[in-house]
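Remarks on the structure that follows.
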Amino acid sequence: FKKIFFNDTATTEIYTHVLSSAASDVYKRQVVDRVEVHTLESLLEQAGQDRLDITVAQFNLDSRDAGVGRARSGYFPQISLFGSYNRSSSDSPQALRFGAQKNWAVGWGIRGTWAIFDGWRREQGYRQAVAAKRKAEYALRQTRLEVELQVVNIYSNLIDAVESYEVSSFTVEQSVEDLRLADERFRVGAGTQLDVITAQVNLATARRDLVDAQVNYAKFLNQMRRAVGGDVVALH
């Protein structure tokens with residue numbers, strides 16, 4: 001598992017030289033949730049099992065393979081077994097005079113046919129069945145490659161979004177500390193109001209970047225769920 005971090009960052013006040021106070025008293029650090037994203041190999045395996053288009057392509061290949069078996073059976077003799085059983089009796093006056101007539105008969109046999117030549121229809125059907133199976137194999141392979149490419153691309157974007165969030169989260173924390181120091185210097189007369197305003201702007205920019213990273217993370221996470229056909233993270 002690759003460990004990443006994702007959570008909303010606490011807000012802070014906009015400071016002025018009139019309402020100046022220590023930033024550390026306003027900004028409350030929050031505990032960040034841990035999120036475990038499955039490895040790329042496990043995501044690819046999950047997509048291969050859960051994606052509906054891959055399942056449909058596999059079923060189509062199985063059907064074409066069965067068609068090849070049916071077409072190949074034309075090259076072998078066709079053998080069938082049959083049997084019959086008959087029983088009858090006669091109650092006519094003449095039969096009663098000499099005794100009731102009861103008859104029964106049992107018959108069975110084996111029948112075999114072998115088409116030696118059928119005008120090349122058998123060979124043509126077999127070649128068509130083999131061609132259909134190869135086409136289904138290519139379709140399944142192409143579908144798998146397209147799914148793998150999609151998962152790999154989304155995974156790359158997801159990891160980039162996670163790393164961007166981590167950087168933005170650290171930048172927000174650093175900007176809060178810079179604002180606290182600027183506010184403290186301004187309070188004791190060692191800094192200027194411009195320093196405080198600049199620190200405020202830097203913090204607002206960092207928080208904006210953090211929100212953008214969160215949005216990108218959520219977007220790529222939903223794309224990954226659709227790509228693999230199931231959930232891809234576990235919150236802790």
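By convention in this document, the chains of the structure tokens carry letters A, B, ... by their order, each chain's residues are numbered from 1, and ligands are numbered from 1 in the order they are shown.
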*Selection: 9 Å around A:Val56, only C-alpha atoms, excl. self and same-chain fewer than 5 positions, as a PyMOL selection string*: chain A and resi 51+61+140
Now that the selection is made, can you save its residues with N, CA and C atoms as an mmCIF file, in the first residue's frame?
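Listed below is the output, part.cif:
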data_model
loop_
_atom_site.group_PDB
_atom_site.id
_atom_site.type_symbol
_atom_site.label_atom_id
_atom_site.label_comp_id
_atom_site.auth_asym_id
_atom_site.auth_seq_id
_atom_site.Cartn_x
_atom_site.Cartn_y
_atom_site.Cartn_z
ATOM 1 N N ARG A 51 -14.225 -5.547 -14.293
ATOM 2 C CA ARG A 51 -14.693 -4.732 -15.414
ATOM 3 C C ARG A 51 -15.666 -5.523 -16.288
ATOM 4 N N LEU A 61 -15.420 -14.939 -26.201
ATOM 5 C CA LEU A 61 -14.358 -15.864 -26.583
ATOM 6 C C LEU A 61 -14.733 -17.299 -26.244
ATOM 7 N N LEU A 140 -10.568 -9.485 -26.937
ATOM 8 C CA LEU A 140 -10.320 -9.583 -25.498
ATOM 9 C C LEU A 140 -8.971 -8.965 -25.144
#
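The residue set within 8 Å of stretch 198-213 of chain A, counting only C-alpha atoms and dropping same-chain residues fewer than 2 places from it, reads Thr9, Ile14, Tyr15, Ala161, Val162, Ser164, Tyr165, Ser168, Ser169, Thr171, Val172, Ser175, Val176, Asp178, Leu179, Ala182, Leu194, Asp195, Val196, Val215, Asn216 and Tyr217 of chain A.
Residues in contact range of A:Glu45, defined as at most 12 Å between only C-alpha atoms, with sequence neighbours fewer than 3 positions away removed, read His38, Thr39, Leu40, Glu41, Ser42, Gly48, Gln49, Asp50, Arg51, Ile54, Arg144, Val147, Glu148, Val151, Ala227, Val228, Gly229, Gly230 and Val232 of chain A.
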Apply DSSP to the structure's backbone, then extract all residues of stretch 81-195 of chain A labelled helix (DSSP H, G or I) and return them as a short mmCIF file (atom, residue, chain, number, x, y, z; two decimals) with N, CA, C and O atoms, in the first residue's frame.
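New file result_32.cif:
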data_model
loop_
_atom_site.label_atom_id
_atom_site.label_comp_id
_atom_site.auth_asym_id
_atom_site.auth_seq_id
_atom_site.Cartn_x
_atom_site.Cartn_y
_atom_site.Cartn_z
N PRO A 93 -63.19 -62.67 -30.51
CA PRO A 93 -63.80 -64.00 -30.24
C PRO A 93 -62.98 -65.14 -30.79
O PRO A 93 -62.86 -66.20 -30.16
N GLN A 94 -62.41 -64.93 -31.95
CA GLN A 94 -61.59 -65.99 -32.53
C GLN A 94 -60.35 -66.24 -31.69
O GLN A 94 -59.95 -67.39 -31.46
N ALA A 95 -59.78 -65.13 -31.17
CA ALA A 95 -58.58 -65.28 -30.34
C ALA A 95 -58.93 -65.94 -29.02
O ALA A 95 -58.17 -66.75 -28.48
N LEU A 96 -60.14 -65.61 -28.48
CA LEU A 96 -60.54 -66.22 -27.22
C LEU A 96 -60.81 -67.73 -27.38
O LEU A 96 -60.63 -68.50 -26.44
N ARG A 97 -61.24 -68.12 -28.59
CA ARG A 97 -61.52 -69.53 -28.83
C ARG A 97 -60.25 -70.37 -28.76
O ARG A 97 -60.25 -71.49 -28.24
N PHE A 98 -59.21 -69.83 -29.30
CA PHE A 98 -57.94 -70.57 -29.28
C PHE A 98 -56.97 -70.07 -28.20
O PHE A 98 -55.84 -70.49 -28.15
N ARG A 121 -18.28 -27.82 -47.53
CA ARG A 121 -19.03 -27.01 -46.56
C ARG A 121 -18.48 -27.19 -45.15
O ARG A 121 -18.45 -26.25 -44.35
N ARG A 122 -18.05 -28.40 -44.82
CA ARG A 122 -17.48 -28.66 -43.49
C ARG A 122 -16.20 -27.87 -43.28
O ARG A 122 -16.01 -27.23 -42.23
N GLU A 123 -15.30 -27.86 -44.26
CA GLU A 123 -14.05 -27.12 -44.15
C GLU A 123 -14.31 -25.62 -44.06
O GLU A 123 -13.65 -24.90 -43.30
N GLN A 124 -15.26 -25.15 -44.83
CA GLN A 124 -15.58 -23.73 -44.80
C GLN A 124 -16.14 -23.32 -43.44
O GLN A 124 -15.77 -22.28 -42.89
N GLY A 125 -17.01 -24.13 -42.89
CA GLY A 125 -17.56 -23.83 -41.57
C GLY A 125 -16.50 -23.84 -40.48
O GLY A 125 -16.52 -23.02 -39.57
N TYR A 126 -15.56 -24.78 -40.59
CA TYR A 126 -14.49 -24.86 -39.59
C TYR A 126 -13.59 -23.63 -39.66
O TYR A 126 -13.23 -23.06 -38.63
N ARG A 127 -13.22 -23.22 -40.89
CA ARG A 127 -12.37 -22.05 -41.02
C ARG A 127 -13.07 -20.79 -40.51
O ARG A 127 -12.44 -19.93 -39.88
N GLN A 128 -14.36 -20.68 -40.74
CA GLN A 128 -15.10 -19.53 -40.23
C GLN A 128 -15.14 -19.53 -38.71
O GLN A 128 -15.02 -18.47 -38.08
N ALA A 129 -15.30 -20.71 -38.11
CA ALA A 129 -15.33 -20.80 -36.65
C ALA A 129 -13.97 -20.44 -36.06
O ALA A 129 -13.89 -19.72 -35.04
N VAL A 130 -12.89 -20.89 -36.69
CA VAL A 130 -11.55 -20.55 -36.20
C VAL A 130 -11.28 -19.05 -36.34
O VAL A 130 -10.72 -18.41 -35.44
N ALA A 131 -11.70 -18.46 -37.45
CA ALA A 131 -11.52 -17.03 -37.65
C ALA A 131 -12.30 -16.23 -36.62
O ALA A 131 -11.81 -15.21 -36.09
N ALA A 132 -13.51 -16.67 -36.31
CA ALA A 132 -14.32 -15.97 -35.30
C ALA A 132 -13.67 -16.07 -33.92
O ALA A 132 -13.70 -15.10 -33.14
N LYS A 133 -13.07 -17.22 -33.62
CA LYS A 133 -12.39 -17.37 -32.33
C LYS A 133 -11.17 -16.45 -32.24
O LYS A 133 -10.94 -15.79 -31.22
N ARG A 134 -10.38 -16.36 -33.32
CA ARG A 134 -9.22 -15.48 -33.31
C ARG A 134 -9.64 -14.02 -33.17
O ARG A 134 -9.00 -13.24 -32.46
N LYS A 135 -10.72 -13.65 -33.82
CA LYS A 135 -11.22 -12.29 -33.70
C LYS A 135 -11.63 -12.00 -32.26
O LYS A 135 -11.37 -10.90 -31.73
N ALA A 136 -12.27 -12.96 -31.60
CA ALA A 136 -12.67 -12.79 -30.20
C ALA A 136 -11.44 -12.69 -29.30
O ALA A 136 -11.43 -11.94 -28.32
N GLU A 137 -10.38 -13.46 -29.61
CA GLU A 137 -9.15 -13.37 -28.82
C GLU A 137 -8.52 -11.99 -28.95
O GLU A 137 -8.07 -11.41 -27.95
N TYR A 138 -8.48 -11.46 -30.17
CA TYR A 138 -7.91 -10.14 -30.37
C TYR A 138 -8.75 -9.08 -29.66
O TYR A 138 -8.20 -8.12 -29.08
N ALA A 139 -10.07 -9.24 -29.70
CA ALA A 139 -10.94 -8.27 -29.03
C ALA A 139 -10.72 -8.29 -27.52
O ALA A 139 -10.68 -7.23 -26.88
N LEU A 140 -10.57 -9.49 -26.94
CA LEU A 140 -10.32 -9.58 -25.50
C LEU A 140 -8.97 -8.96 -25.14
O LEU A 140 -8.85 -8.23 -24.15
N ARG A 141 -7.96 -9.24 -25.96
CA ARG A 141 -6.63 -8.69 -25.69
C ARG A 141 -6.65 -7.16 -25.79
O ARG A 141 -6.06 -6.47 -24.96
N GLN A 142 -7.33 -6.65 -26.79
CA GLN A 142 -7.41 -5.20 -26.95
C GLN A 142 -8.15 -4.56 -25.79
O GLN A 142 -7.75 -3.50 -25.29
N THR A 143 -9.24 -5.19 -25.35
CA THR A 143 -10.00 -4.65 -24.21
C THR A 143 -9.14 -4.63 -22.95
O THR A 143 -9.15 -3.64 -22.20
N ARG A 144 -8.39 -5.69 -22.71
CA ARG A 144 -7.52 -5.72 -21.54
C ARG A 144 -6.45 -4.63 -21.60
O ARG A 144 -6.16 -3.97 -20.59
N LEU A 145 -5.85 -4.44 -22.77
CA LEU A 145 -4.83 -3.41 -22.92
C LEU A 145 -5.41 -2.02 -22.70
O LEU A 145 -4.77 -1.16 -22.06
N GLU A 146 -6.60 -1.78 -23.23
CA GLU A 146 -7.22 -0.47 -23.04
C GLU A 146 -7.53 -0.21 -21.57
O GLU A 146 -7.33 0.90 -21.07
N VAL A 147 -8.02 -1.24 -20.87
CA VAL A 147 -8.31 -1.08 -19.44
C VAL A 147 -7.02 -0.84 -18.65
O VAL A 147 -6.97 0.03 -17.77
N GLU A 148 -5.97 -1.60 -18.96
CA GLU A 148 -4.70 -1.42 -18.25
C GLU A 148 -4.14 -0.01 -18.48
O GLU A 148 -3.65 0.62 -17.54
N LEU A 149 -4.21 0.47 -19.72
CA LEU A 149 -3.73 1.82 -20.00
C LEU A 149 -4.53 2.86 -19.25
O LEU A 149 -3.96 3.81 -18.70
N GLN A 150 -5.83 2.67 -19.18
CA GLN A 150 -6.68 3.61 -18.45
C GLN A 150 -6.34 3.63 -16.97
O GLN A 150 -6.23 4.69 -16.35
N VAL A 151 -6.18 2.44 -16.39
CA VAL A 151 -5.87 2.36 -14.95
C VAL A 151 -4.50 2.97 -14.65
O VAL A 151 -4.34 3.71 -13.67
N VAL A 152 -3.51 2.70 -15.50
CA VAL A 152 -2.16 3.23 -15.28
C VAL A 152 -2.18 4.76 -15.35
O VAL A 152 -1.57 5.45 -14.50
N ASN A 153 -2.87 5.32 -16.33
CA ASN A 153 -2.91 6.78 -16.46
C ASN A 153 -3.61 7.43 -15.27
O ASN A 153 -3.14 8.44 -14.73
N ILE A 154 -4.73 6.86 -14.86
CA ILE A 154 -5.45 7.43 -13.72
C ILE A 154 -4.64 7.26 -12.44
O ILE A 154 -4.62 8.16 -11.58
N TYR A 155 -3.96 6.13 -12.30
CA TYR A 155 -3.13 5.92 -11.11
C TYR A 155 -2.02 6.96 -11.04
O TYR A 155 -1.72 7.49 -9.96
N SER A 156 -1.42 7.26 -12.17
CA SER A 156 -0.37 8.29 -12.20
C SER A 156 -0.93 9.64 -11.78
O SER A 156 -0.31 10.37 -10.98
N ASN A 157 -2.10 9.98 -12.31
CA ASN A 157 -2.72 11.26 -11.93
C ASN A 157 -3.11 11.27 -10.46
O ASN A 157 -2.99 12.31 -9.78
N LEU A 158 -3.57 10.13 -9.95
CA LEU A 158 -3.96 10.06 -8.54
C LEU A 158 -2.76 10.24 -7.62
O LEU A 158 -2.83 10.97 -6.63
N ILE A 159 -1.65 9.61 -7.94
CA ILE A 159 -0.45 9.76 -7.12
C ILE A 159 0.06 11.19 -7.18
O ILE A 159 0.50 11.75 -6.17
N ASP A 160 -0.01 11.82 -8.36
CA ASP A 160 0.39 13.22 -8.47
C ASP A 160 -0.48 14.11 -7.60
O ASP A 160 0.01 15.05 -6.95
N ALA A 161 -1.78 13.83 -7.58
CA ALA A 161 -2.69 14.62 -6.76
C ALA A 161 -2.39 14.43 -5.27
O ALA A 161 -2.45 15.38 -4.48
N VAL A 162 -2.05 13.20 -4.90
CA VAL A 162 -1.71 12.93 -3.49
C VAL A 162 -0.44 13.69 -3.10
O VAL A 162 -0.38 14.33 -2.04
N GLU A 163 0.56 13.61 -3.93
CA GLU A 163 1.82 14.31 -3.64
C GLU A 163 1.60 15.82 -3.61
O GLU A 163 2.19 16.53 -2.77
N SER A 164 0.76 16.32 -4.50
CA SER A 164 0.44 17.75 -4.49
C SER A 164 -0.26 18.14 -3.21
O SER A 164 0.01 19.22 -2.65
N TYR A 165 -1.13 17.28 -2.71
CA TYR A 165 -1.79 17.57 -1.44
C TYR A 165 -0.80 17.60 -0.28
O TYR A 165 -0.87 18.48 0.59
N GLU A 166 0.12 16.66 -0.27
CA GLU A 166 1.09 16.63 0.82
C GLU A 166 1.94 17.90 0.83
O GLU A 166 2.21 18.48 1.88
N VAL A 167 2.36 18.32 -0.37
CA VAL A 167 3.16 19.55 -0.46
C VAL A 167 2.33 20.76 -0.03
O VAL A 167 2.81 21.62 0.72
N SER A 168 1.07 20.82 -0.50
CA SER A 168 0.21 21.95 -0.15
C SER A 168 -0.09 21.98 1.34
O SER A 168 -0.15 23.05 1.95
N SER A 169 -0.28 20.80 1.92
CA SER A 169 -0.55 20.74 3.36
C SER A 169 0.64 21.27 4.16
O SER A 169 0.48 22.02 5.12
N PHE A 170 1.84 20.86 3.76
CA PHE A 170 3.04 21.37 4.43
C PHE A 170 3.19 22.87 4.23
O PHE A 170 3.59 23.60 5.16
N THR A 171 2.86 23.36 3.03
CA THR A 171 2.96 24.79 2.74
C THR A 171 2.00 25.59 3.61
O THR A 171 2.33 26.69 4.08
N VAL A 172 0.80 25.07 3.82
CA VAL A 172 -0.17 25.75 4.67
C VAL A 172 0.36 25.85 6.10
O VAL A 172 0.29 26.92 6.74
N GLU A 173 0.90 24.77 6.61
CA GLU A 173 1.45 24.79 7.96
C GLU A 173 2.59 25.79 8.07
O GLU A 173 2.70 26.53 9.05
N GLN A 174 3.45 25.80 7.05
CA GLN A 174 4.56 26.74 7.07
C GLN A 174 4.07 28.18 6.97
O GLN A 174 4.60 29.09 7.63
N SER A 175 3.03 28.41 6.16
CA SER A 175 2.48 29.76 6.02
C SER A 175 1.84 30.23 7.31
O SER A 175 1.91 31.43 7.66
N VAL A 176 1.21 29.33 8.03
CA VAL A 176 0.62 29.69 9.33
C VAL A 176 1.72 30.11 10.30
O VAL A 176 1.59 31.10 11.04
N GLU A 177 2.82 29.36 10.29
CA GLU A 177 3.93 29.72 11.18
C GLU A 177 4.54 31.05 10.77
O GLU A 177 4.88 31.88 11.64
N ASP A 178 4.68 31.30 9.47
CA ASP A 178 5.21 32.59 9.01
C ASP A 178 4.30 33.73 9.42
O ASP A 178 4.77 34.82 9.81
N LEU A 179 2.98 33.49 9.33
CA LEU A 179 2.03 34.53 9.75
C LEU A 179 2.13 34.78 11.24
O LEU A 179 2.05 35.93 11.70
N ARG A 180 2.31 33.74 12.01
CA ARG A 180 2.44 33.92 13.46
C ARG A 180 3.68 34.75 13.80
O ARG A 180 3.64 35.66 14.64
N LEU A 181 4.79 34.44 13.12
CA LEU A 181 6.02 35.19 13.38
C LEU A 181 5.89 36.65 12.93
O LEU A 181 6.35 37.57 13.63
N ALA A 182 5.25 36.87 11.75
CA ALA A 182 5.07 38.24 11.29
C ALA A 182 4.17 39.02 12.23
O ALA A 182 4.40 40.21 12.51
N ASP A 183 3.14 38.36 12.72
CA ASP A 183 2.23 39.00 13.67
C ASP A 183 2.95 39.32 14.97
O ASP A 183 2.75 40.41 15.55
N GLU A 184 3.81 38.43 15.42
CA GLU A 184 4.54 38.66 16.66
C GLU A 184 5.55 39.79 16.50
O GLU A 184 5.71 40.64 17.40
N ARG A 185 6.23 39.82 15.35
CA ARG A 185 7.18 40.91 15.12
C ARG A 185 6.47 42.25 15.02
O ARG A 185 6.96 43.26 15.52
N PHE A 186 5.30 42.26 14.37
CA PHE A 186 4.55 43.51 14.28
C PHE A 186 4.08 43.96 15.66
O PHE A 186 4.05 45.16 15.97
N ARG A 187 3.72 43.01 16.52
CA ARG A 187 3.21 43.36 17.85
C ARG A 187 4.28 44.01 18.71
O ARG A 187 4.00 44.94 19.48
N VAL A 188 5.54 43.56 18.55
CA VAL A 188 6.62 44.13 19.36
C VAL A 188 7.32 45.28 18.66
O VAL A 188 8.31 45.80 19.18
N GLN A 193 3.34 46.39 8.99
CA GLN A 193 2.04 45.88 8.60
C GLN A 193 2.11 45.17 7.25
O GLN A 193 1.39 44.20 7.01
N LEU A 194 3.01 45.61 6.37
CA LEU A 194 3.17 44.96 5.07
C LEU A 194 3.62 43.52 5.23
O LEU A 194 3.20 42.64 4.47
N ASP A 195 4.48 43.28 6.23
CA ASP A 195 4.92 41.90 6.47
C ASP A 195 3.74 41.00 6.86
O ASP A 195 3.64 39.86 6.41
#
*Go through stretch 38-220 of chain A and collect every residue that DSSP, computed from the backbone, puts in strand (DSSP E); the answer should be as a ChimeraX atom specification.*
/A:78-90,101-113
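Between atom CA of A:Leu52 and atom CA of A:Val68 lies a distance of 24.7 Å.
In this structure, atom CA of A:Ala66 sits 27.1 Å away from atom CA of A:Phe82.
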